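Heads up, target-v9.cif below (mmCIF, C-alpha atoms):
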data_structure
#
loop_
_atom_site.group_PDB
_atom_site.id
_atom_site.type_symbol
_atom_site.label_atom_id
_atom_site.label_comp_id
_atom_site.auth_asym_id
_atom_site.auth_seq_id
_atom_site.Cartn_x
_atom_site.Cartn_y
_atom_site.Cartn_z
ATOM 1 C CA MET A 1 78.453 12.984 -25.590
ATOM 2 C CA ASN A 2 76.426 9.785 -26.151
ATOM 3 C CA VAL A 3 75.875 8.972 -22.478
ATOM 4 C CA VAL A 4 73.723 5.893 -23.144
ATOM 5 C CA GLY A 5 76.321 4.460 -25.523
ATOM 6 C CA HIS A 6 79.131 5.109 -23.043
ATOM 7 C CA LEU A 7 77.139 3.493 -20.233
ATOM 8 C CA ARG A 8 76.573 0.393 -22.376
ATOM 9 C CA CYS A 9 80.317 0.192 -22.943
ATOM 10 C CA PHE A 10 80.974 0.619 -19.216
ATOM 11 C CA VAL A 11 78.540 -2.176 -18.249
ATOM 12 C CA MET A 12 79.961 -4.535 -20.885
ATOM 13 C CA VAL A 13 83.571 -4.002 -19.704
ATOM 14 C CA ALA A 14 82.432 -4.381 -16.083
ATOM 15 C CA GLU A 15 80.815 -7.720 -16.909
ATOM 16 C CA GLU A 16 83.756 -9.070 -18.914
ATOM 17 C CA LEU A 17 86.604 -7.348 -17.023
ATOM 18 C CA HIS A 18 88.430 -7.620 -20.343
ATOM 19 C CA PHE A 19 88.467 -4.909 -22.997
ATOM 20 C CA GLY A 20 89.006 -7.338 -25.888
ATOM 21 C CA ARG A 21 86.072 -9.578 -25.025
ATOM 22 C CA ALA A 22 83.850 -6.562 -24.282
ATOM 23 C CA ALA A 23 84.732 -5.000 -27.645
ATOM 24 C CA GLU A 24 83.889 -8.267 -29.395
ATOM 25 C CA ARG A 25 80.466 -8.435 -27.720
ATOM 26 C CA LEU A 26 79.788 -4.814 -28.679
ATOM 27 C CA GLY A 27 80.858 -5.389 -32.258
ATOM 28 C CA MET A 28 83.568 -2.747 -32.205
ATOM 29 C CA ALA A 29 87.364 -2.500 -32.098
ATOM 30 C CA GLN A 30 89.138 -2.310 -28.762
ATOM 31 C CA PRO A 31 90.788 1.169 -29.153
ATOM 32 C CA PRO A 32 87.448 3.041 -29.643
ATOM 33 C CA LEU A 33 86.048 1.165 -26.625
ATOM 34 C CA SER A 34 88.977 2.277 -24.479
ATOM 35 C CA GLN A 35 88.488 5.867 -25.662
ATOM 36 C CA ARG A 36 84.790 5.778 -24.717
ATOM 37 C CA ILE A 37 85.571 4.566 -21.220
ATOM 38 C CA LYS A 38 88.177 7.332 -20.797
ATOM 39 C CA ARG A 39 85.677 9.987 -21.974
ATOM 40 C CA LEU A 40 83.072 8.673 -19.524
ATOM 41 C CA GLU A 41 85.603 8.783 -16.697
ATOM 42 C CA ARG A 42 86.493 12.379 -17.573
ATOM 43 C CA GLU A 43 82.818 13.345 -17.704
ATOM 44 C CA LEU A 44 82.071 11.741 -14.319
ATOM 45 C CA GLY A 45 85.327 12.814 -12.698
ATOM 46 C CA VAL A 46 86.151 9.368 -11.343
ATOM 47 C CA ARG A 47 88.225 6.390 -12.401
ATOM 48 C CA LEU A 48 86.002 3.379 -13.143
ATOM 49 C CA PHE A 49 88.604 0.674 -13.764
ATOM 50 C CA ASP A 50 92.062 -0.251 -12.511
ATOM 51 C CA ARG A 51 93.970 -1.429 -15.583
ATOM 52 C CA SER A 52 97.161 -3.448 -15.672
ATOM 53 C CA SER A 53 98.818 -5.670 -18.239
ATOM 54 C CA ARG A 54 97.353 -8.735 -16.578
ATOM 55 C CA LYS A 55 93.825 -7.760 -15.479
ATOM 56 C CA VAL A 56 91.081 -5.162 -15.352
ATOM 57 C CA GLU A 57 89.223 -4.500 -12.093
ATOM 58 C CA LEU A 58 86.387 -2.185 -11.098
ATOM 59 C CA THR A 59 87.340 0.618 -8.752
ATOM 60 C CA ALA A 60 85.179 1.410 -5.716
ATOM 61 C CA PRO A 61 83.377 4.229 -7.648
ATOM 62 C CA GLY A 62 82.920 1.815 -10.577
ATOM 63 C CA ARG A 63 81.245 -0.764 -8.331
ATOM 64 C CA LEU A 64 78.930 1.912 -6.939
ATOM 65 C CA LEU A 65 77.959 3.126 -10.396
ATOM 66 C CA LEU A 66 77.405 -0.299 -12.013
ATOM 67 C CA ASP A 67 73.917 -0.925 -10.604
ATOM 68 C CA GLU A 68 72.864 2.626 -11.440
ATOM 69 C CA ALA A 69 74.126 2.243 -14.998
ATOM 70 C CA ARG A 70 72.233 -1.009 -15.438
ATOM 71 C CA ASP A 71 69.054 0.609 -14.105
ATOM 72 C CA ILE A 72 69.416 3.556 -16.489
ATOM 73 C CA LEU A 73 69.898 1.232 -19.475
ATOM 74 C CA THR A 74 66.845 -0.834 -18.479
ATOM 75 C CA ARG A 75 64.745 2.324 -18.367
ATOM 76 C CA VAL A 76 66.087 3.488 -21.724
ATOM 77 C CA ASP A 77 65.255 0.119 -23.289
ATOM 78 C CA ARG A 78 61.743 0.387 -21.843
ATOM 79 C CA VAL A 79 61.301 3.834 -23.413
ATOM 80 C CA TYR A 80 62.250 2.456 -26.829
ATOM 81 C CA SER A 81 59.905 -0.510 -26.354
ATOM 82 C CA VAL A 82 56.968 1.755 -25.473
ATOM 83 C CA ALA A 83 57.746 3.992 -28.444
ATOM 84 C CA GLU A 84 57.822 0.970 -30.775
ATOM 85 C CA ARG A 85 54.472 -0.307 -29.482
ATOM 86 C CA ALA A 86 52.977 3.146 -29.949
ATOM 87 C CA ARG A 87 54.362 3.351 -33.491
ATOM 88 C CA LEU A 88 52.918 -0.053 -34.384
ATOM 89 C CA GLY A 89 49.614 0.811 -32.770
ATOM 90 C CA GLU A 90 49.276 3.974 -34.837
ATOM 91 C CA SER A 91 49.985 2.149 -38.078
ATOM 92 C CA ARG A 92 48.018 -1.021 -37.304
ATOM 93 C CA ALA A 93 44.258 -1.303 -37.127
ATOM 94 C CA VAL A 94 41.868 -4.097 -36.376
ATOM 95 C CA ARG A 95 39.694 -4.352 -39.492
ATOM 96 C CA ALA A 96 36.359 -5.755 -38.398
ATOM 97 C CA GLY A 97 33.097 -6.423 -40.203
ATOM 98 C CA VAL A 98 29.648 -6.030 -38.643
ATOM 99 C CA PRO A 99 26.156 -6.786 -40.003
ATOM 100 C CA SER A 100 24.261 -3.889 -41.532
ATOM 101 C CA ASP A 101 21.320 -4.478 -39.199
ATOM 102 C CA LEU A 102 23.366 -4.443 -35.994
ATOM 103 C CA GLY A 103 21.949 -1.057 -35.027
ATOM 104 C CA GLY A 104 23.502 2.373 -34.491
ATOM 105 C CA PRO A 105 23.572 2.320 -30.664
ATOM 106 C CA ILE A 106 25.251 -1.093 -30.632
ATOM 107 C CA VAL A 107 27.881 0.009 -33.160
ATOM 108 C CA ALA A 108 28.576 3.144 -31.105
ATOM 109 C CA ALA A 109 28.882 1.086 -27.900
ATOM 110 C CA LEU A 110 31.272 -1.316 -29.625
ATOM 111 C CA ILE A 111 33.545 1.499 -30.802
ATOM 112 C CA ALA A 112 33.540 3.172 -27.367
ATOM 113 C CA ALA A 113 34.299 -0.092 -25.550
ATOM 114 C CA PHE A 114 37.201 -0.958 -27.858
ATOM 115 C CA ARG A 115 38.671 2.539 -27.538
ATOM 116 C CA ALA A 116 38.536 2.209 -23.759
ATOM 117 C CA ARG A 117 40.265 -1.166 -23.854
ATOM 118 C CA ARG A 118 42.820 -0.503 -26.606
ATOM 119 C CA PRO A 119 43.386 3.237 -27.102
ATOM 120 C CA ASP A 120 46.638 2.414 -28.906
ATOM 121 C CA VAL A 121 44.924 0.493 -31.754
ATOM 122 C CA ARG A 122 42.663 1.955 -34.423
ATOM 123 C CA LEU A 123 39.374 0.148 -35.065
ATOM 124 C CA ASP A 124 38.320 0.078 -38.720
ATOM 125 C CA LEU A 125 34.666 -1.075 -38.807
ATOM 126 C CA ARG A 126 33.085 -2.110 -42.083
ATOM 127 C CA GLU A 127 29.429 -2.856 -42.749
ATOM 128 C CA ALA A 128 28.939 -6.148 -44.595
ATOM 129 C CA GLY A 129 26.774 -9.244 -44.717
ATOM 130 C CA THR A 130 28.019 -12.548 -43.352
ATOM 131 C CA ALA A 131 28.871 -14.032 -46.755
ATOM 132 C CA GLU A 132 30.968 -10.989 -47.675
ATOM 133 C CA GLN A 133 32.655 -11.014 -44.278
ATOM 134 C CA VAL A 134 33.629 -14.678 -44.580
ATOM 135 C CA ARG A 135 35.150 -14.022 -48.019
ATOM 136 C CA ALA A 136 37.033 -10.993 -46.690
ATOM 137 C CA LEU A 137 38.405 -13.031 -43.772
ATOM 138 C CA ALA A 138 39.602 -15.729 -46.173
ATOM 139 C CA GLU A 139 41.280 -13.132 -48.403
ATOM 140 C CA GLY A 140 42.897 -11.291 -45.480
ATOM 141 C CA ALA A 141 40.879 -8.113 -46.069
ATOM 142 C CA LEU A 142 39.314 -8.398 -42.594
ATOM 143 C CA ASP A 143 40.873 -9.417 -39.289
ATOM 144 C CA ALA A 144 37.622 -10.215 -37.477
ATOM 145 C CA ALA A 145 33.881 -10.179 -38.059
ATOM 146 C CA VAL A 146 30.517 -10.464 -36.329
ATOM 147 C CA VAL A 147 28.852 -13.206 -38.369
ATOM 148 C CA ARG A 148 25.444 -14.855 -38.418
ATOM 149 C CA HIS A 149 25.269 -18.658 -38.385
ATOM 150 C CA PRO A 150 25.189 -21.041 -40.072
ATOM 151 C CA CYS A 151 28.057 -19.934 -42.298
ATOM 152 C CA ASP A 152 31.231 -21.400 -43.761
ATOM 153 C CA SER A 153 33.541 -21.222 -40.760
ATOM 154 C CA ARG A 154 36.296 -23.494 -42.074
ATOM 155 C CA ASP A 155 39.758 -22.228 -41.112
ATOM 156 C CA LEU A 156 38.177 -19.610 -38.830
ATOM 157 C CA GLU A 157 38.369 -19.216 -35.073
ATOM 158 C CA LEU A 158 34.955 -18.663 -33.467
ATOM 159 C CA GLY A 159 33.955 -16.892 -30.274
ATOM 160 C CA PRO A 160 31.046 -17.852 -27.999
ATOM 161 C CA MET A 161 27.789 -18.517 -29.844
ATOM 162 C CA LEU A 162 25.118 -16.007 -28.872
ATOM 163 C CA GLY A 163 21.378 -16.230 -29.487
ATOM 164 C CA ARG A 164 18.868 -13.425 -30.015
ATOM 165 C CA PRO A 165 15.188 -14.476 -30.186
ATOM 166 C CA LEU A 166 13.109 -13.140 -33.051
ATOM 167 C CA GLY A 167 9.588 -11.780 -32.799
ATOM 168 C CA VAL A 168 7.171 -10.491 -35.385
ATOM 169 C CA LEU A 169 6.747 -6.865 -36.473
ATOM 170 C CA LEU A 170 3.120 -6.170 -37.488
ATOM 171 C CA PRO A 171 1.010 -3.174 -38.431
ATOM 172 C CA ALA A 172 -0.343 -1.674 -35.213
ATOM 173 C CA GLY A 173 -3.909 -2.274 -36.418
ATOM 174 C CA SER A 174 -3.391 -5.960 -37.187
ATOM 175 C CA ASP A 175 -5.667 -8.440 -35.430
ATOM 176 C CA LEU A 176 -2.561 -10.302 -34.195
ATOM 177 C CA ALA A 177 -1.247 -7.122 -32.512
ATOM 178 C CA ALA A 178 -4.016 -7.492 -29.919
ATOM 179 C CA SER A 179 -2.341 -10.644 -28.548
ATOM 180 C CA PRO A 180 0.595 -10.499 -26.101
ATOM 181 C CA GLU A 181 2.270 -13.363 -28.008
ATOM 182 C CA VAL A 182 1.879 -14.723 -31.510
ATOM 183 C CA HIS A 183 1.998 -18.349 -32.640
ATOM 184 C CA LEU A 184 4.262 -18.621 -35.653
ATOM 185 C CA ALA A 185 1.588 -20.656 -37.446
ATOM 186 C CA ASP A 186 -0.841 -17.728 -37.068
ATOM 187 C CA LEU A 187 1.238 -15.930 -39.718
ATOM 188 C CA ALA A 188 0.421 -18.592 -42.316
ATOM 189 C CA GLY A 189 -0.274 -17.118 -45.736
ATOM 190 C CA ARG A 190 1.147 -13.683 -44.919
ATOM 191 C CA ASP A 191 4.089 -12.376 -46.918
ATOM 192 C CA LEU A 192 7.427 -12.099 -45.152
ATOM 193 C CA VAL A 193 10.101 -9.423 -45.543
ATOM 194 C CA LEU A 194 13.724 -10.387 -44.853
ATOM 195 C CA PRO A 195 17.206 -9.007 -45.530
ATOM 196 C CA PRO A 196 18.632 -10.207 -48.872
ATOM 197 C CA ARG A 197 19.581 -13.883 -48.891
ATOM 198 C CA ALA A 198 22.951 -12.993 -50.409
ATOM 199 C CA GLU A 199 23.988 -11.294 -47.152
ATOM 200 C CA ALA A 200 23.673 -14.433 -45.008
ATOM 201 C CA PRO A 201 22.479 -17.413 -47.072
ATOM 202 C CA GLY A 202 22.764 -19.928 -44.248
ATOM 203 C CA ALA A 203 20.791 -17.873 -41.742
ATOM 204 C CA HIS A 204 18.201 -16.938 -44.391
ATOM 205 C CA ASP A 205 17.576 -20.569 -45.382
ATOM 206 C CA GLU A 206 17.561 -21.793 -41.792
ATOM 207 C CA LEU A 207 14.965 -19.203 -40.791
ATOM 208 C CA LEU A 208 12.621 -20.123 -43.649
ATOM 209 C CA ALA A 209 13.011 -23.829 -42.886
ATOM 210 C CA SER A 210 12.168 -23.192 -39.229
ATOM 211 C CA CYS A 211 9.118 -21.172 -40.257
ATOM 212 C CA ARG A 212 7.828 -24.071 -42.353
ATOM 213 C CA ARG A 213 8.468 -26.573 -39.563
ATOM 214 C CA HIS A 214 6.327 -24.450 -37.235
ATOM 215 C CA GLY A 215 3.435 -24.043 -39.634
ATOM 216 C CA TYR A 216 4.265 -20.754 -41.334
ATOM 217 C CA ALA A 217 4.716 -20.893 -45.104
ATOM 218 C CA PRO A 218 5.001 -17.272 -46.293
ATOM 219 C CA GLY A 219 2.843 -16.345 -49.261
ATOM 220 C CA ALA A 220 5.902 -14.599 -50.691
ATOM 221 C CA VAL A 221 9.305 -13.531 -49.429
ATOM 222 C CA HIS A 222 10.351 -9.930 -50.112
ATOM 223 C CA GLU A 223 14.043 -9.004 -49.816
ATOM 224 C CA ALA A 224 14.675 -5.585 -48.304
ATOM 225 C CA ARG A 225 18.168 -4.117 -48.465
ATOM 226 C CA HIS A 226 17.178 -1.079 -46.422
ATOM 227 C CA PRO A 227 15.219 -1.215 -43.138
ATOM 228 C CA GLU A 228 12.990 1.652 -44.271
ATOM 229 C CA PHE A 229 11.770 -0.398 -47.243
ATOM 230 C CA ALA A 230 10.974 -3.312 -44.935
ATOM 231 C CA LEU A 231 9.144 -0.937 -42.591
ATOM 232 C CA GLY A 232 7.102 0.410 -45.491
ATOM 233 C CA LEU A 233 5.947 -3.083 -46.429
ATOM 234 C CA VAL A 234 4.934 -3.784 -42.830
ATOM 235 C CA LEU A 235 3.084 -0.470 -42.427
ATOM 236 C CA ALA A 236 1.187 -1.088 -45.658
ATOM 237 C CA GLY A 237 0.094 -4.494 -44.424
ATOM 238 C CA THR A 238 1.874 -6.120 -47.347
ATOM 239 C CA ALA A 239 4.164 -8.277 -45.201
ATOM 240 C CA VAL A 240 5.358 -9.011 -41.685
ATOM 241 C CA ALA A 241 8.988 -8.983 -40.530
ATOM 242 C CA LEU A 242 10.751 -11.364 -38.175
ATOM 243 C CA VAL A 243 13.138 -9.224 -36.133
ATOM 244 C CA PRO A 244 14.595 -9.042 -32.617
ATOM 245 C CA ARG A 245 13.059 -6.774 -30.013
ATOM 246 C CA ALA A 246 14.182 -3.187 -30.547
ATOM 247 C CA ASP A 247 12.709 0.285 -30.719
ATOM 248 C CA VAL A 248 9.257 -0.207 -32.272
ATOM 249 C CA PRO A 249 8.596 2.237 -35.137
ATOM 250 C CA ALA A 250 5.411 4.295 -34.977
ATOM 251 C CA GLY A 251 2.456 2.526 -36.539
ATOM 252 C CA THR A 252 3.795 -0.951 -35.826
ATOM 253 C CA ALA A 253 3.668 -3.482 -33.017
ATOM 254 C CA TRP A 254 6.315 -6.048 -32.069
ATOM 255 C CA ARG A 255 5.148 -9.293 -30.490
ATOM 256 C CA PRO A 256 7.214 -12.236 -29.212
ATOM 257 C CA LEU A 257 6.639 -15.652 -30.744
ATOM 258 C CA VAL A 258 5.219 -18.330 -28.479
ATOM 259 C CA GLY A 259 8.008 -20.701 -27.451
ATOM 260 C CA GLU A 260 10.728 -18.556 -29.083
ATOM 261 C CA PRO A 261 11.087 -20.929 -32.063
ATOM 262 C CA LEU A 262 13.287 -18.550 -34.048
ATOM 263 C CA ALA A 263 16.580 -16.908 -33.140
ATOM 264 C CA TRP A 264 19.572 -15.345 -34.770
ATOM 265 C CA ARG A 265 22.784 -17.148 -33.885
ATOM 266 C CA THR A 266 25.747 -14.820 -33.864
ATOM 267 C CA SER A 267 29.415 -15.021 -32.956
ATOM 268 C CA CYS A 268 32.717 -13.335 -33.637
ATOM 269 C CA ALA A 269 34.959 -14.998 -36.208
ATOM 270 C CA TRP A 270 38.588 -14.337 -37.029
ATOM 271 C CA ARG A 271 41.670 -15.773 -38.657
ATOM 272 C CA ARG A 272 44.661 -16.455 -36.455
ATOM 273 C CA ALA A 273 47.256 -13.676 -36.799
ATOM 274 C CA ARG A 274 50.958 -14.467 -37.007
ATOM 275 C CA ASP A 275 52.084 -11.289 -35.247
ATOM 276 C CA PRO A 276 51.568 -11.660 -31.462
ATOM 277 C CA GLU A 277 50.700 -7.984 -30.944
ATOM 278 C CA HIS A 278 48.140 -8.061 -33.739
ATOM 279 C CA ALA A 279 46.705 -11.315 -32.396
ATOM 280 C CA ARG A 280 46.232 -9.694 -28.985
ATOM 281 C CA ALA A 281 44.467 -6.721 -30.568
ATOM 282 C CA ILE A 282 42.101 -9.045 -32.453
ATOM 283 C CA ALA A 283 41.438 -11.017 -29.261
ATOM 284 C CA ASP A 284 40.625 -7.767 -27.467
ATOM 285 C CA PHE A 285 38.160 -6.815 -30.215
ATOM 286 C CA THR A 286 36.361 -10.162 -30.104
ATOM 287 C CA ALA A 287 36.123 -10.045 -26.303
ATOM 288 C CA VAL A 288 34.745 -6.491 -26.423
ATOM 289 C CA ALA A 289 32.309 -7.304 -29.253
ATOM 290 C CA THR A 290 30.966 -10.361 -27.425
ATOM 291 C CA ALA A 291 30.443 -8.361 -24.226
ATOM 292 C CA VAL A 292 28.697 -5.511 -26.092
ATOM 293 C CA LEU A 293 26.403 -7.905 -27.961
ATOM 294 C CA ARG A 294 25.364 -9.467 -24.669
ATOM 295 C CA ARG A 295 24.920 -6.175 -22.839
ATOM 296 C CA GLU A 296 23.497 -3.909 -25.542
ATOM 297 C CA ALA A 297 21.703 -6.364 -27.841
ATOM 298 C CA GLY A 298 20.440 -8.728 -25.159
ATOM 299 C CA MET A 299 22.093 -11.750 -26.754
ATOM 300 C CA THR A 300 22.461 -14.842 -24.590
ATOM 301 C CA PRO A 301 25.181 -17.521 -24.689
ATOM 302 C CA LEU A 302 23.423 -20.489 -26.239
ATOM 303 C CA ASP A 303 24.970 -22.991 -23.859
ATOM 304 C CA ALA A 304 23.443 -20.973 -20.999
ATOM 305 C CA ALA A 305 20.160 -20.147 -22.681
ATOM 306 C CA PRO A 306 16.957 -21.456 -21.066
ATOM 307 C CA ALA A 307 15.255 -24.356 -22.813
ATOM 308 C CA ARG A 308 12.658 -23.247 -25.302
ATOM 309 C CA ARG A 309 9.051 -23.930 -24.493
ATOM 310 C CA VAL A 310 7.152 -26.126 -26.958
ATOM 311 C CA VAL A 311 3.498 -25.102 -26.915
ATOM 312 C CA PRO A 312 0.802 -26.739 -29.068
ATOM 313 C CA ARG A 313 -1.286 -24.195 -30.925
ATOM 314 C CA PRO A 314 -4.863 -25.027 -29.913
ATOM 315 C CA SER A 315 -6.480 -24.378 -33.290
ATOM 316 C CA SER A 316 -4.126 -26.423 -35.459
ATOM 317 C CA GLY A 317 -1.935 -28.640 -33.335
ATOM 318 C CA PHE A 318 1.243 -27.267 -34.948
ATOM 319 C CA LEU A 319 4.129 -26.937 -32.552
ATOM 320 C CA ALA A 320 5.053 -23.276 -32.043
#

Is it possible to give me this structure as structure tokens?
Amino acid sequence: MNVVGHLRCFVMVAEELHFGRAAERLGMAQPPLSQRIKRLERELGVRLFDRSSRKVELTAPGRLLLDEARDILTRVDRVYSVAERARLGESRAVRAGVPSDLGGPIVAALIAAFRARRPDVRLDLREAGTAEQVRALAEGALDAAVVRHPCDSRDLELGPMLGRPLGVLLPAGSDLAASPEVHLADLAGRDLVLPPRAEAPGAHDELLASCRRHGYAPGAVHEARHPEFALGLVLAGTAVALVPRADVPAGTAWRPLVGEPLAWRTSCAWRRARDPEHARAIADFTAVATAVLRREAGMTPLDAAPARRVVPRPSSGFLA
């Protein structure tokens, strides 16, 4: 016996108090509807309706059972709704891009935080540079990304802009490593190692322009696709690297730059999703990613960041 189906028929007849109209609303013929009501009455052992040629009325047992029937149907509908959300969650993932230099602990924290917030949605993280991420967002291959600015953000939604100051990574035996802070102009003439320009052209060009404005014109710029190659150049004294504060590799020293003239500007970016459930999942990812970047990477909202100090370098007068 299809109890749920019979209860739906019972509630519909109780609301209409007319078998013809109830059958029309249910999309069925009147005789099968009458048979269902009779089978339900036999199963329950009570008469639910008084029928006559002129009208249909609920009996006293029918009135008592109506609220219970409605409650049961509401609960059944809720079960189907939960099952549908679970089915969609299992088949739908948030496809998100992150920079290759984000760092293992930060990636792990991001995954853990998203799982805690949305255990019903799979997170598909992909390592990619900003330029590749922006293309993937435009093509629909990514739902969201952690991008470095400036970048082409046309047609993209952007989260809060976060800043992460850059310092200089030097060989531990360098003369500059003896200072608690380094003027950017003190690096003049030294080679610089950076991630490939193709990964984030805007950020790459902006950093070099800022270096020149503050008196540092690198002797040469080396592109390092792998952090270990960049580290090798620094250890050999061939180049310096401009990187955020992190675990300092053996044999090197990290020093902040006077006045914090350089910073990475980072935010989440995404394309607006048409499906409301998917849009909520993407919004949850961007909120989690922003919180993790602030907590784990020490990034600061730029609108709340303290004003940078501008300090004249005594030996040259360059602003640093």

In Å, with one decimal, what is the gap from atom CA of A:Gly97 to atom CA of A:Gln133? 6.2 Å

Hey, which of A:Arg274, A:Arg39, A:Arg265, A:Arg135 ends up closest to A:Pro244? Count only C-alpha atoms.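 Of all the options, A:Arg265 lies closest to A:Pro244.
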
Write out as a PyMOL selection string the residues lying within 12 Å of A:Cys9, counting only C-alpha atoms and excluding same-chain residues fewer than 4 positions away. chain A and resi 2-5+13-30+32-41+48+66+69-70+73

List the neighbours of A:Arg190 out to 8 Å using all atoms listed in the file; skip same-chain residues closer than 5 positions along the sequence, and give me the result as a VMD selection string. chain A and resid 218 to 220 238 to 240

Which neighbours of A:Arg117 fall inside 10 Å, counting all atoms listed in the file, when residues of the same chain fewer than 6 positions from it are skipped, and could you give them as a list in words?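 Selected residues are Ala281, Asp284, Phe285 and Val288 of chain A.
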
Here is a test: counting all atoms listed in the file, which residue of A:Arg295, A:Phe229, A:Ala283, A:Leu257 is nearest to A:His183? A:Leu257

So the first atom is atom CA of A:Tyr80 and the second is atom CA of A:Pro276; what is the distance between them in Å, to one decimal place?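 Between atom CA of A:Tyr80 and atom CA of A:Pro276 the gap is 18.3 Å.
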